[in-house]
Each structure stands twice: as C-alpha cells, then as structure tokens.
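Everything below concerns the one structure shown next.
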Amino acid sequence: MGIDLKAGGRRTGRSSSMKAIKTDNPYTRLLIKLYKFLARRTDSAFCATVVKRLHMSKVNQPPIGLHRLSKYMLNKEGKTAVVVGKVTDDVRMMEMPKLTVCALAFTETARARILAAGGECLTFDQLALRSPTGSNTVLLRGPKSRKALAHFGHSTSVTNEHTHDGVKPYVRSNGRKFERARGRRRSCGFKV
C-alpha cells in the first residue's frame, strides 16, 4: 500500500494558521486582504512575506528600535524600510539619519524623530500605492529574544534526558534546597 501523495499522505491536523484571520483589528484584516490580493496578482514574494507576517501573533512581530533600523539602512539611500511591527525610539542614539519607514505602528517619539530628520512614516496602504511589488524596499524585523523564551521547550524525561538542554525551569530560587530532588540527582531516578 502506497501513500496517496495527491491527498497529502497521512499528515493530519496541520491546517495553516493563515486560512482564517485570527485578529479582530479591522485595519490588520483589511491589510491582509490587500496584500493577499497583491501577492496573488503580482506574484511578488515581498507581498507574500508581508501577508505571512501580518498573520503572525504579537509575540512574533517584535518591535525594532531606531538605532537598529538606521544601522540596517546604512548605504541604502532611496529605499524604504518595511517593518511588520512597531518602530520604537532609542534615546541612546544622538543623530538620526533621514529615513523612509513603513510600519504597523510608531511610538510618538520615534515618529517625531523620523519626521524631524526629514524622513517619512508610511502606513502599509500608502506603501501599496507607492510600490505594490515591494521594489526599492528593505524588509526588516526586530530581535526576537524575550526572557520567556528561555523557559520554552519540552520537559526532560527518564527516557530522553536531553530533549531540550538548557530549558530553564520556573523556580522559586536557585539555592541548595530548591528543585534538587528527582531529575536533579542520580540517587533519585535520574539526573539531567
């Protein structure tokens, strides 16, 4: 008996999260509609990527600071920085270069600094009119490193103690008397 490749084999329960729009935000819903249309009609990889990122949860749309943004846009005059997320201010940066930035949101201070430097703050619908296929744009994202990520992953077990090394347990304290029983010493079951 072979695998019915047309039907996709026996991979069940893997429906895409991009079939249904999860957010209730009317603006995001309209942007998804717009960029889905553009991706279909223009065969633009840029638009397809924007749609994919608009579908993402807030955790997966990390913000980007102005310093990182200006660093990525060095020697890219005449191009538009595109961020599917929020652009935040960086008080440590003294001089702000002139930038054209398109993002879902800007903090007040970040917007003020971009405009004061002679730059532009665009929305995604304005970008769709300006460059529907994403020409002359640089697609960027912020750093995805949160403290909570240290705690994600599988817990360890007797059968496989290295399921995810370095998964940080939520513990009350790191002292001698805490979290030192089974799984933390050889004499009690196993040691990770």
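Note on naming: chains are A, B, ... as they come in the structure tokens, residues start from 1 per chain, ligands start from 1 in the order shown.
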
Exercise. For Asn60 of chain A, please output as a PyMOL selection string all residues within 10 Å (counting only C-alpha atoms; exclusion window: fewer than 2 positions along the same chain).
Key: chain A and resi 53-58+62-63+84-85+141-144

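For the pair atom CA of Lys177 of chain A and atom CA of Val192 of chain A, the separation is 17.0 Å.
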
Quiz item: Looking at only C-alpha atoms, which of A:Leu74, A:Leu129, A:Val101, A:Leu30 is the one that sits closest to Leu115 of chain A?
Solution: A:Val101

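Distance annotation: of A:Arg41, A:Arg113, A:Arg68, A:His151, the residue with the minimal separation from Ala81 of chain A is A:Arg68; atom set is only C-alpha atoms.
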
Practice problem: Please identify which residues in chain A DSSP calls strand (DSSP E) from the backbone, and express them as a ChimeraX atom specification. | Solution: /A:64-65,80-88,100-106,120-122,137-140
